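Below: run.pdb (PDB, C-alpha atoms)
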```
ATOM      1  CA  ARG A   8      -3.599 -26.967  57.138
ATOM      2  CA  ARG A   9      -4.635 -30.454  58.161
ATOM      3  CA  ARG A  10      -8.245 -29.335  58.394
ATOM      4  CA  ARG A  11      -8.059 -27.739  54.944
ATOM      5  CA  ARG A  12      -6.561 -30.875  53.440
ATOM      6  CA  ALA A  13      -9.251 -32.959  55.090
ATOM      7  CA  MET A  14     -11.994 -30.703  53.724
ATOM      8  CA  ASP A  15     -10.475 -30.831  50.212
ATOM      9  CA  ALA A  16     -10.391 -34.611  50.396
ATOM     10  CA  PHE A  17     -14.017 -34.671  51.587
ATOM     11  CA  HIS A  18     -15.185 -32.474  48.687
ATOM     12  CA  LYS A  19     -13.358 -34.661  46.175
ATOM     13  CA  LEU A  20     -15.047 -37.764  47.551
ATOM     14  CA  ALA A  21     -18.398 -35.953  47.635
ATOM     15  CA  LYS A  22     -18.062 -35.073  43.958
ATOM     16  CA  ILE A  23     -17.317 -38.689  43.121
ATOM     17  CA  PHE A  24     -20.096 -40.303  45.143
ATOM     18  CA  LEU A  25     -22.735 -37.567  45.300
ATOM     19  CA  GLY A  26     -22.185 -35.752  41.995
ATOM     20  CA  GLY A  27     -24.867 -37.763  40.242
ATOM     21  CA  VAL A  28     -27.392 -36.898  42.988
ATOM     22  CA  LEU A  29     -26.480 -33.373  44.156
ATOM     23  CA  GLY A  30     -24.833 -32.155  40.982
ATOM     24  CA  LYS A  31     -26.662 -29.886  38.514
ATOM     25  CA  PRO A  32     -26.343 -29.445  34.740
ATOM     26  CA  PRO A  33     -23.576 -26.897  33.986
ATOM     27  CA  ASN A  34     -23.808 -23.536  32.315
ATOM     28  CA  ALA A  35     -22.351 -23.022  28.870
ATOM     29  CA  PRO A  36     -18.755 -21.774  28.510
ATOM     30  CA  THR A  37     -18.280 -18.040  27.995
ATOM     31  CA  GLY A  38     -15.734 -15.815  26.271
ATOM     32  CA  LEU A  39     -14.946 -18.255  23.468
ATOM     33  CA  LYS A  40     -11.999 -16.909  21.452
ATOM     34  CA  VAL A  41      -9.836 -18.246  18.620
ATOM     35  CA  VAL A  42      -6.277 -17.300  17.669
ATOM     36  CA  GLU A  43      -5.901 -18.072  13.974
ATOM     37  CA  ARG A  44      -2.651 -19.477  12.594
ATOM     38  CA  CYS A  45      -1.737 -20.640   9.095
ATOM     39  CA  ASP A  46      -1.497 -24.250  10.269
ATOM     40  CA  GLY A  47      -3.981 -24.406  13.132
ATOM     41  CA  LEU A  48      -6.316 -22.737  15.600
ATOM     42  CA  GLU A  49      -5.821 -21.957  19.296
ATOM     43  CA  VAL A  50      -9.137 -21.986  21.169
ATOM     44  CA  ARG A  51      -9.722 -20.533  24.638
ATOM     45  CA  TRP A  52     -12.805 -20.088  26.814
ATOM     46  CA  ALA A  53     -13.930 -19.483  30.396
ATOM     47  CA  PRO A  54     -16.200 -21.739  32.475
ATOM     48  CA  GLY A  55     -19.789 -20.646  32.925
ATOM     49  CA  ALA A  56     -21.087 -19.702  36.354
ATOM     50  CA  PRO A  57     -20.979 -22.762  38.662
ATOM     51  CA  THR A  58     -24.299 -24.470  39.342
ATOM     52  CA  SER A  59     -23.244 -26.870  42.133
ATOM     53  CA  ARG A  60     -20.196 -27.486  44.312
ATOM     54  CA  TYR A  61     -20.614 -31.184  43.610
ATOM     55  CA  ASN A  62     -20.107 -30.898  39.851
ATOM     56  CA  SER A  63     -17.110 -32.517  38.141
ATOM     57  CA  ASP A  64     -17.168 -30.606  34.876
ATOM     58  CA  VAL A  65     -15.356 -31.439  31.653
ATOM     59  CA  PHE A  66     -15.319 -29.523  28.383
ATOM     60  CA  VAL A  67     -15.948 -31.008  24.957
ATOM     61  CA  VAL A  68     -14.382 -29.344  21.912
ATOM     62  CA  GLU A  69     -15.598 -30.083  18.387
ATOM     63  CA  LEU A  70     -14.559 -28.881  14.928
ATOM     64  CA  ALA A  71     -16.326 -28.871  11.550
ATOM     65  CA  PRO A  72     -15.081 -27.790   8.098
ATOM     66  CA  ARG A  73     -16.895 -24.894   6.472
ATOM     67  CA  THR A  74     -14.925 -24.291   3.260
ATOM     68  CA  PRO A  75     -17.480 -25.046   0.506
ATOM     69  CA  LYS A  76     -15.106 -27.117  -1.644
ATOM     70  CA  VAL A  77     -14.011 -29.198   1.356
ATOM     71  CA  VAL A  78     -17.601 -29.759   2.515
ATOM     72  CA  GLU A  79     -18.589 -30.833  -0.998
ATOM     73  CA  ALA A  80     -15.641 -33.228  -1.256
ATOM     74  CA  LEU A  81     -16.269 -34.811   2.152
ATOM     75  CA  GLY A  82     -20.006 -35.153   1.762
ATOM     76  CA  PRO A  83     -22.701 -34.865   4.460
ATOM     77  CA  ALA A  84     -21.459 -37.914   6.367
ATOM     78  CA  PHE A  85     -17.983 -36.469   7.039
ATOM     79  CA  SER A  86     -18.462 -32.687   7.009
ATOM     80  CA  GLY A  87     -20.241 -32.371  10.358
ATOM     81  CA  PHE A  88     -18.774 -31.693  13.793
ATOM     82  CA  ALA A  89     -16.202 -34.134  15.174
ATOM     83  CA  GLU A  90     -14.966 -34.302  18.757
ATOM     84  CA  PHE A  91     -11.274 -33.477  19.229
ATOM     85  CA  HIS A  92     -10.943 -32.934  22.975
ATOM     86  CA  ARG A  93     -12.612 -33.808  26.273
ATOM     87  CA  GLY A  94     -11.184 -32.685  29.610
ATOM     88  CA  PRO A  95     -11.112 -30.034  32.370
ATOM     89  CA  GLU A  96      -8.766 -27.685  30.487
ATOM     90  CA  THR A  97     -10.062 -24.338  29.185
ATOM     91  CA  ARG A  98      -7.927 -24.200  26.048
ATOM     92  CA  PHE A  99      -7.148 -26.448  23.118
ATOM     93  CA  SER A 100      -5.065 -26.225  19.932
ATOM     94  CA  PHE A 101      -5.989 -27.710  16.566
ATOM     95  CA  ASP A 102      -2.771 -28.451  14.678
ATOM     96  CA  LYS A 103      -1.889 -29.477  11.120
ATOM     97  CA  LEU A 104      -4.849 -27.702   9.532
ATOM     98  CA  GLY A 105      -4.666 -26.371   5.989
ATOM     99  CA  ALA A 106      -4.038 -22.677   5.364
ATOM    100  CA  GLU A 107      -6.912 -20.378   4.354
ATOM    101  CA  GLN A 108      -9.639 -22.828   5.357
ATOM    102  CA  ASP A 109     -12.954 -22.032   7.063
ATOM    103  CA  PHE A 110     -14.036 -23.891  10.203
ATOM    104  CA  ALA A 111     -16.676 -23.838  12.909
ATOM    105  CA  VAL A 112     -15.568 -24.504  16.500
ATOM    106  CA  ARG A 113     -17.917 -25.264  19.364
ATOM    107  CA  VAL A 114     -17.413 -25.980  23.067
ATOM    108  CA  ARG A 115     -19.781 -27.170  25.771
ATOM    109  CA  CYS A 116     -19.554 -28.292  29.388
ATOM    110  CA  GLU A 117     -20.656 -31.703  30.617
ATOM    111  CA  ASN A 118     -20.971 -33.485  33.963
ATOM    112  CA  ARG A 119     -22.892 -36.432  35.400
ATOM    113  CA  ALA A 120     -26.037 -34.315  35.753
ATOM    114  CA  GLY A 121     -26.176 -33.222  32.113
ATOM    115  CA  ALA A 122     -24.671 -30.964  29.455
ATOM    116  CA  SER A 123     -24.773 -27.261  28.695
ATOM    117  CA  GLY A 124     -25.609 -25.644  25.403
ATOM    118  CA  TRP A 125     -22.900 -25.122  22.810
ATOM    119  CA  ALA A 126     -20.767 -21.976  22.543
ATOM    120  CA  GLU A 127     -19.856 -21.679  18.855
ATOM    121  CA  ILE A 128     -17.523 -19.487  16.815
ATOM    122  CA  SER A 129     -16.394 -19.309  13.188
ATOM    123  CA  ALA A 130     -12.700 -19.194  12.307
ATOM    124  CA  ARG A 131     -10.432 -19.191   9.278
ATOM    125  CA  THR A 132      -6.819 -20.317   9.215
ATOM    126  CA  ARG A 133      -4.457 -17.616   8.018
ATOM    127  CA  GLN A 134      -2.417 -17.449   4.871
ATOM    128  CA  ALA A 135       1.152 -18.728   5.089
ATOM    129  CA  PRO A 136       3.384 -15.701   4.381
ATOM    130  CA  THR A 137       5.397 -15.416   1.191
ATOM    131  CA  ARG A 138       8.669 -13.862   2.335
ATOM    132  CA  CYS A 139       7.232 -11.172   4.649
ATOM    133  CA  GLY A 140       3.921 -10.593   2.891
ATOM    134  CA  GLY A 141       1.284 -12.491   0.975
ATOM    135  CA  THR A 142      -1.146 -12.457  -1.922
ATOM    136  CA  GLY A 143      -4.585 -10.975  -2.431
ATOM    137  CA  PRO A 144      -7.787 -12.840  -3.308
ATOM    138  CA  ASP A 145      -7.483 -14.772  -6.581
ATOM    139  CA  GLY A 146      -3.969 -13.381  -7.070
ATOM    140  CA  ALA A 147      -5.248  -9.800  -7.495
ATOM    141  CA  TYR A 148      -2.017  -8.503  -5.973
ATOM    142  CA  ALA A 149       1.086  -9.540  -4.073
ATOM    143  CA  TRP A 150       2.673  -7.616  -1.239
ATOM    144  CA  ASP A 151       5.824  -7.690   0.836
ATOM    145  CA  GLN A 152       7.207  -5.560   3.661
ATOM    146  CA  THR A 153      10.155  -4.492   5.717
ATOM    147  CA  PRO A 154       9.812  -2.846   9.137
ATOM    148  CA  THR A 155       9.675   0.537   7.365
ATOM    149  CA  GLU A 156       8.189  -0.047   3.893
ATOM    150  CA  VAL A 157       5.452  -1.916   2.057
ATOM    151  CA  GLU A 158       5.834  -3.200  -1.511
ATOM    152  CA  VAL A 159       2.855  -3.958  -3.764
ATOM    153  CA  THR A 160       2.804  -5.782  -7.104
ATOM    154  CA  VAL A 161      -0.365  -5.805  -9.257
ATOM    155  CA  PRO A 162      -0.707  -7.627 -12.611
ATOM    156  CA  ALA A 163      -1.632  -5.190 -15.394
ATOM    157  CA  PRO A 164      -3.976  -6.053 -18.295
ATOM    158  CA  PRO A 165      -2.275  -6.668 -21.672
ATOM    159  CA  GLY A 166      -1.390  -3.496 -23.513
ATOM    160  CA  THR A 167      -1.521  -1.249 -20.437
ATOM    161  CA  THR A 168       0.471   1.987 -20.776
ATOM    162  CA  PRO A 169       1.714   4.260 -17.957
ATOM    163  CA  LYS A 170      -0.897   6.885 -18.892
ATOM    164  CA  GLN A 171      -3.649   4.366 -18.170
ATOM    165  CA  VAL A 172      -2.424   3.776 -14.630
ATOM    166  CA  SER A 173      -4.032   5.603 -11.716
ATOM    167  CA  VAL A 174      -2.636   5.276  -8.200
ATOM    168  CA  THR A 175      -4.169   7.062  -5.228
ATOM    169  CA  VAL A 176      -2.577   6.767  -1.810
ATOM    170  CA  LYS A 177      -4.024   8.182   1.390
ATOM    171  CA  PRO A 178      -2.748   7.591   4.927
ATOM    172  CA  ARG A 179      -5.154   4.678   5.393
ATOM    173  CA  ARG A 180      -6.333   3.851   1.873
ATOM    174  CA  LEU A 181      -4.957   2.564  -1.443
ATOM    175  CA  GLU A 182      -6.612   2.620  -4.873
ATOM    176  CA  ILE A 183      -5.092   1.301  -8.107
ATOM    177  CA  SER A 184      -6.856   1.191 -11.473
ATOM    178  CA  PHE A 185      -5.970   0.447 -15.078
ATOM    179  CA  ALA A 186      -7.805   2.348 -17.830
ATOM    180  CA  GLY A 187     -10.533   3.271 -15.354
ATOM    181  CA  VAL A 188     -11.047  -0.284 -14.095
ATOM    182  CA  THR A 189     -10.325  -0.760 -10.377
ATOM    183  CA  ALA A 190      -7.729  -3.458  -9.638
ATOM    184  CA  VAL A 191      -7.114  -2.848  -5.918
ATOM    185  CA  ALA A 192      -9.043  -0.628  -3.519
ATOM    186  CA  GLY A 193      -9.532  -0.630   0.227
ATOM    187  CA  SER A 194      -8.379   0.369   3.678
ATOM    188  CA  LEU A 195      -4.741  -0.309   4.458
ATOM    189  CA  CYS A 196      -3.684  -2.465   7.386
ATOM    190  CA  GLY A 197      -1.652   0.395   8.823
ATOM    191  CA  GLU A 198      -0.916   4.026   8.180
ATOM    192  CA  VAL A 199       1.548   5.185   5.530
ATOM    193  CA  VAL A 200       3.371   8.466   5.067
ATOM    194  CA  CYS A 201       1.480  10.466   2.484
ATOM    195  CA  GLY A 202       2.243  14.154   2.055
ATOM    196  CA  GLU A 203       1.091  16.537  -0.633
ATOM    197  CA  ASP A 204       4.215  15.908  -2.687
ATOM    198  CA  GLY A 205       3.638  12.136  -2.615
ATOM    199  CA  ASP A 206       5.628   9.777  -0.433
ATOM    200  CA  PHE A 207       5.256   6.724  -2.659
ATOM    201  CA  GLU A 208       6.725   5.507  -5.933
ATOM    202  CA  TRP A 209       5.368   3.259  -8.657
ATOM    203  CA  GLU A 210       6.474   1.915 -12.003
ATOM    204  CA  LEU A 211       4.992  -0.193 -14.800
ATOM    205  CA  ARG A 212       7.518  -2.917 -15.514
ATOM    206  CA  ASP A 213       7.853  -6.299 -17.190
ATOM    207  CA  ALA A 214       6.301  -9.066 -15.113
ATOM    208  CA  GLY A 215       8.601 -11.537 -13.395
ATOM    209  CA  ASP A 216       7.469 -14.396 -15.636
ATOM    210  CA  GLY A 217       8.491 -12.446 -18.740
ATOM    211  CA  GLU A 218       4.908 -12.149 -19.950
ATOM    212  CA  GLY A 219       2.903  -8.941 -19.717
ATOM    213  CA  LYS A 220       3.321  -5.999 -17.389
ATOM    214  CA  GLU A 221       2.877  -5.381 -13.697
ATOM    215  CA  LEU A 222       2.664  -2.326 -11.480
ATOM    216  CA  PHE A 223       5.225  -2.208  -8.694
ATOM    217  CA  MET A 224       5.048   0.387  -5.937
ATOM    218  CA  THR A 225       6.492   1.124  -2.515
ATOM    219  CA  MET A 226       4.963   3.001   0.400
ATOM    220  CA  GLU A 227       6.621   4.179   3.592
ATOM    221  CA  LYS A 228       5.058   3.031   6.861
ATOM    222  CA  ARG A 229       4.257   5.694   9.425
ATOM    223  CA  LEU A 230       6.079   4.511  12.536
ATOM    224  CA  ARG A 231       4.750   5.338  15.991
ATOM    225  CA  ASP A 232       8.104   5.091  17.725
ATOM    226  CA  VAL A 233      11.294   3.245  16.875
ATOM    227  CA  VAL A 234      11.738   0.669  14.120
ATOM    228  CA  SER A 235      10.646  -2.763  15.334
ATOM    229  CA  TYR A 236      11.762  -6.102  13.888
ATOM    230  CA  ASP A 237       9.309  -8.092  15.980
ATOM    231  CA  PRO A 238       7.159 -10.127  13.509
ATOM    232  CA  ALA A 239       4.122  -9.679  15.768
ATOM    233  CA  GLU A 240       4.247  -5.897  15.211
ATOM    234  CA  GLN A 241       4.263  -6.052  11.400
ATOM    235  CA  TRP A 242       1.309  -5.795   9.010
ATOM    236  CA  ASP A 243      -0.667  -9.025   8.679
ATOM    237  CA  CYS A 244      -2.415  -7.952   5.460
ATOM    238  CA  LEU A 245      -2.329  -5.235   2.818
ATOM    239  CA  ILE A 246      -6.059  -4.485   2.589
ATOM    240  CA  ALA A 247      -7.817  -4.766   5.949
ATOM    241  CA  GLU A 248     -11.248  -5.655   4.609
ATOM    242  CA  ARG A 249     -13.375  -8.776   4.369
ATOM    243  CA  GLY A 250     -12.211 -11.209   1.705
ATOM    244  CA  HIS A 251      -8.553 -10.173   1.832
ATOM    245  CA  PRO A 252      -6.315 -12.847   3.428
ATOM    246  CA  ARG A 253      -4.337 -12.178   6.586
ATOM    247  CA  VAL A 254      -0.942 -13.825   6.957
ATOM    248  CA  ASP A 255       0.378 -15.593  10.037
ATOM    249  CA  THR A 256       2.958 -13.095  11.311
ATOM    250  CA  ALA A 257       4.452 -15.758  13.592
ATOM    251  CA  HIS A 258       5.978 -17.272  10.437
ATOM    252  CA  LEU A 259       7.555 -14.060   9.103
ATOM    253  CA  ARG A 260      11.292 -14.269   8.452
ATOM    254  CA  TRP A 261      13.276 -11.287   7.215
ATOM    255  CA  PHE A 262      14.904 -11.871   3.829
ATOM    256  CA  ARG A 263      17.826 -10.016   2.331
ATOM    257  CA  GLY A 264      18.820 -10.967  -1.205
ATOM    258  CA  TYR A 265      16.874 -14.251  -0.950
ATOM    259  CA  GLU A 266      19.082 -15.335   1.944
ATOM    260  CA  TRP A 267      18.252 -15.549   5.633
ATOM    261  CA  ARG A 268      19.903 -12.435   7.027
ATOM    262  CA  PRO A 269      19.183  -9.916   9.779
ATOM    263  CA  PRO A 270      18.378  -6.297   8.865
ATOM    264  CA  GLN A 271      21.454  -4.228   8.014
ATOM    265  CA  ASP A 272      20.513  -1.426  10.403
ATOM    266  CA  ALA A 273      20.165  -3.647  13.474
ATOM    267  CA  SER A 274      22.208  -2.156  16.295
ATOM    268  CA  ASN A 275      22.380  -5.044  18.760
ATOM    269  CA  VAL A 276      22.068  -8.806  18.878
ATOM    270  CA  ASP A 277      18.635  -8.677  20.554
ATOM    271  CA  GLU A 278      17.149  -6.980  17.472
ATOM    272  CA  VAL A 279      18.700  -9.664  15.283
ATOM    273  CA  LYS A 280      17.242 -12.413  17.469
ATOM    274  CA  GLN A 281      13.799 -10.805  17.177
ATOM    275  CA  ALA A 282      14.052 -10.739  13.396
ATOM    276  CA  MET A 283      15.398 -14.280  13.153
ATOM    277  CA  PRO A 284      13.957 -16.382  15.974
ATOM    278  CA  ASP A 285      15.181 -19.675  14.481
ATOM    279  CA  MET A 286      18.817 -18.562  14.147
ATOM    280  CA  ARG A 287      21.455 -19.939  16.515
ATOM    281  CA  PHE A 288      23.930 -17.389  17.878
ATOM    282  CA  THR A 289      27.469 -17.674  19.188
ATOM    283  CA  ASP A 290      29.824 -15.210  20.882
ATOM    284  CA  VAL A 291      32.843 -16.709  19.095
ATOM    285  CA  ASP A 292      34.421 -14.458  16.444
ATOM    286  CA  GLN A 293      33.794 -16.505  13.301
ATOM    287  CA  THR A 294      36.484 -14.644  11.343
ATOM    288  CA  LYS A 295      39.082 -16.306  13.575
ATOM    289  CA  VAL A 296      37.647 -19.822  13.413
ATOM    290  CA  SER A 297      39.824 -22.348  11.593
ATOM    291  CA  GLY A 298      38.565 -22.940   8.077
ATOM    292  CA  ARG A 299      37.086 -19.444   7.553
ATOM    293  CA  ASP A 300      38.718 -16.963   5.202
ATOM    294  CA  GLY A 301      38.136 -14.106   7.641
ATOM    295  CA  GLU A 302      36.623 -11.805   5.035
ATOM    296  CA  LEU A 303      33.489  -9.773   5.643
ATOM    297  CA  ASP A 304      31.117  -8.919   2.797
ATOM    298  CA  GLU A 305      29.306  -5.569   2.627
ATOM    299  CA  TRP A 306      26.538  -6.679   4.998
ATOM    300  CA  GLY A 307      28.994  -8.168   7.477
ATOM    301  CA  ASP A 308      31.121  -5.052   7.454
ATOM    302  CA  LYS A 309      28.095  -2.856   8.279
ATOM    303  CA  TRP A 310      27.014  -5.186  11.068
ATOM    304  CA  ASN A 311      30.508  -5.208  12.509
ATOM    305  CA  LYS A 312      30.580  -1.395  12.630
ATOM    306  CA  ASN A 313      27.090  -1.087  14.118
ATOM    307  CA  ARG A 314      27.931  -3.644  16.780
ATOM    308  CA  ARG A 315      30.818  -1.514  17.970
TER     309      ARG A 315
END
```
Translate the structure of the given file into structure tokens.
Amino acid sequence: RRRRRAMDAFHKLAKIFLGGVLGKPPNAPTGLKVVERCDGLEVRWAPGAPTSRYNSDVFVVELAPRTPKVVEALGPAFSGFAEFHRGPETRFSFDKLGAEQDFAVRVRCENRAGASGWAEISARTRQAPTRCGGTGPDGAYAWDQTPTEVEVTVPAPPGTTPKQVSVTVKPRRLEISFAGVTAVAGSLCGEVVCGEDGDFEWELRDAGDGEGKELFMTMEKRLRDVVSYDPAEQWDCLIAERGHPRVDTAHLRWFRGYEWRPPQDASNVDEVKQAMPDMRFTDVDQTKVSGRDGELDEWGDKWNKNRR
């Protein structure tokens, strides 16, 4: 052990005093990956193959905006790459970025002998979810979900009648058109139940703003196993094609009646905690706490029975 510690100390000193002489320029980082969030980017990479035992390598991480409107507003002087991190770590997180923005990220390795080439990747921050879904490009549609169903709302042109509506649902594809004009079409994020007799429903109804009509439909998800309330296992988009935003599933929160509530069919507290990660739990019976009326509403009554 003493010999090993002595050798480690020797190599550290050798890097400090001989790195500029015996060190060699590093190789570029490899395996650059980005995890996209609605408010930031998580970047990870692996070091390139070592070129010298005397190198003391650090990594430089830079970011540049690529959304056309942002680049135009900033101008050439402020829309280029800017350094955000320098150190030995092989990961870095950009925080407080705007949702649905395009960026370029690049990483390189540096030491006293020189610098590697850049490893570069494009990334786009995700859409912040609305309830448990999101919106399509330019507001073409809105969608929401539960662990078992997907809801879709599409604005209809003025004067649209039910006979002018065409809805085609396949296990992995959705097509909606009004009077022969396609409104939504593409591959679904996941598979839905779609038998010959039709396992979906739609209606043409008054729009929520009181003006015009909208198509509202529901589809049943095809589940591989049991129902999961884990946000990470839910759909992150409706149409899984280029140009259709993906939502940040880490920010999903299950709604019931516009209130923060766990799913009614949860059978244990662990499922509730998965669905509501920000909720604080207590083992104290709240119906017996001073100041509470002790009454259970319909949801509470169902939860109480399931818990038993």
* Asked: Near Pro32 of chain A, counting all atoms listed in the file, which residues have an atom at most 9 Å away, once you skip same-chain residues fewer than 2 positions from it, shown as a ChimeraX atom specification?
  -> /A:30,34,58-59,62,116-123
* Asked: What gap, in Å, lies between atom CA of His251 of chain A and atom CA of Ser86 of chain A?
  -> 25.1 Å
* **Among listed residues A:Pro164, A:Leu70, A:Val77, A:Lys31, nearest Ala56 of chain A (using all atoms listed in the file)** =>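 That would be A:Lys31, the residue with the smallest distance to Ala56 of chain A.
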* To do: Can you pull out every residue within 8 Å of Arg73 of chain A, counting only C-alpha atoms, but drop anything in the same chain fewer than 4 positions away, and send it as a VMD selection string?
  => chain A and resid 77 to 78 86 108 to 111
* To do: Would you mind listing what lies within 10 Å of Lys228 of chain A as an MDAnalysis selection string, with all atoms listed in the file counted and same-chain residues fewer than 5 positions away left out?
  => chainID A and resid 152:157 178 197:201 206 242
Keeping only C-alpha atoms, take the residues you just selected and write them out as a PDB file, in the coordinates of the input.
```pdb
ATOM      1  CA  GLN A 152       7.207  -5.560   3.661  1.00  0.00           C
ATOM      2  CA  THR A 153      10.155  -4.492   5.717  1.00  0.00           C
ATOM      3  CA  PRO A 154       9.812  -2.846   9.137  1.00  0.00           C
ATOM      4  CA  THR A 155       9.675   0.537   7.365  1.00  0.00           C
ATOM      5  CA  GLU A 156       8.189  -0.047   3.893  1.00  0.00           C
ATOM      6  CA  VAL A 157       5.452  -1.916   2.057  1.00  0.00           C
ATOM      7  CA  PRO A 178      -2.748   7.591   4.927  1.00  0.00           C
ATOM      8  CA  GLY A 197      -1.652   0.395   8.823  1.00  0.00           C
ATOM      9  CA  GLU A 198      -0.916   4.026   8.180  1.00  0.00           C
ATOM     10  CA  VAL A 199       1.548   5.185   5.530  1.00  0.00           C
ATOM     11  CA  VAL A 200       3.371   8.466   5.067  1.00  0.00           C
ATOM     12  CA  CYS A 201       1.480  10.466   2.484  1.00  0.00           C
ATOM     13  CA  ASP A 206       5.628   9.777  -0.433  1.00  0.00           C
ATOM     14  CA  TRP A 242       1.309  -5.795   9.010  1.00  0.00           C
TER      15      TRP A 242
END
```
* **Pairwise distance for atom CA of Tyr61 of chain A and atom CA of Glu127 of chain A, rounded to one decimal in Å** =>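 Distance between the two atoms: 26.5 Å.
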* I need the residue set behind the PyMOL selection byres ((chain A and resi 104) around 12) for this file; please write it as an MDAnalysis selection string. => chainID A and resid 43:49 70:72 100:103 105:110 130:135
* To do: Could you check which of A:Ala247, A:Ala257, A:Ala214, A:Leu39 is closest to Ser194 of chain A, using only C-alpha atoms?
  =>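 With only C-alpha atoms as the atom set, the closest residue is A:Ala247.
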* Hits from the PyMOL selection byres ((chain A and resi 54) around 12), listed as a ChimeraX atom specification -> /A:33-39,51-53,55-58,64-67,95-98,114-117,123,126
* **Residue members of the PyMOL selection byres ((chain A and resi 160) around 7) in the file shown, as JSON, numbers by chain** => {"A": [148, 149, 150, 158, 159, 161, 162, 221, 222, 223, 224]}
Please, could you write that set of residues out with C-alpha atoms as a PDB file, in the coordinates of the input?
```pdb
ATOM      1  CA  TYR A 148      -2.017  -8.503  -5.973  1.00  0.00           C
ATOM      2  CA  ALA A 149       1.086  -9.540  -4.073  1.00  0.00           C
ATOM      3  CA  TRP A 150       2.673  -7.616  -1.239  1.00  0.00           C
ATOM      4  CA  GLU A 158       5.834  -3.200  -1.511  1.00  0.00           C
ATOM      5  CA  VAL A 159       2.855  -3.958  -3.764  1.00  0.00           C
ATOM      6  CA  VAL A 161      -0.365  -5.805  -9.257  1.00  0.00           C
ATOM      7  CA  PRO A 162      -0.707  -7.627 -12.611  1.00  0.00           C
ATOM      8  CA  GLU A 221       2.877  -5.381 -13.697  1.00  0.00           C
ATOM      9  CA  LEU A 222       2.664  -2.326 -11.480  1.00  0.00           C
ATOM     10  CA  PHE A 223       5.225  -2.208  -8.694  1.00  0.00           C
ATOM     11  CA  MET A 224       5.048   0.387  -5.937  1.00  0.00           C
TER      12      MET A 224
END
```
* Skipping near chain neighbours, those fewer than 4 positions away, what residues fall within 8 Å of Phe185 of chain A using only C-alpha atoms, listed as number ranges by chain? -> A: 163-164, 167, 171-173, 189-190
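Between atom CA of Arg179 of chain A and atom CA of Thr225 of chain A lies a distance of 14.5 Å.
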Where is the centre and how long are the edges: axis-aligned box on segment 171-187 of chain A, 4 Å on each side, Å to one decimal, as AutoDock Vina command-line options:
```
--center_x -6.5 --center_y 4.3 --center_z -6.4 --size_x 16.1 --size_y 15.7 --size_z 31.6
```
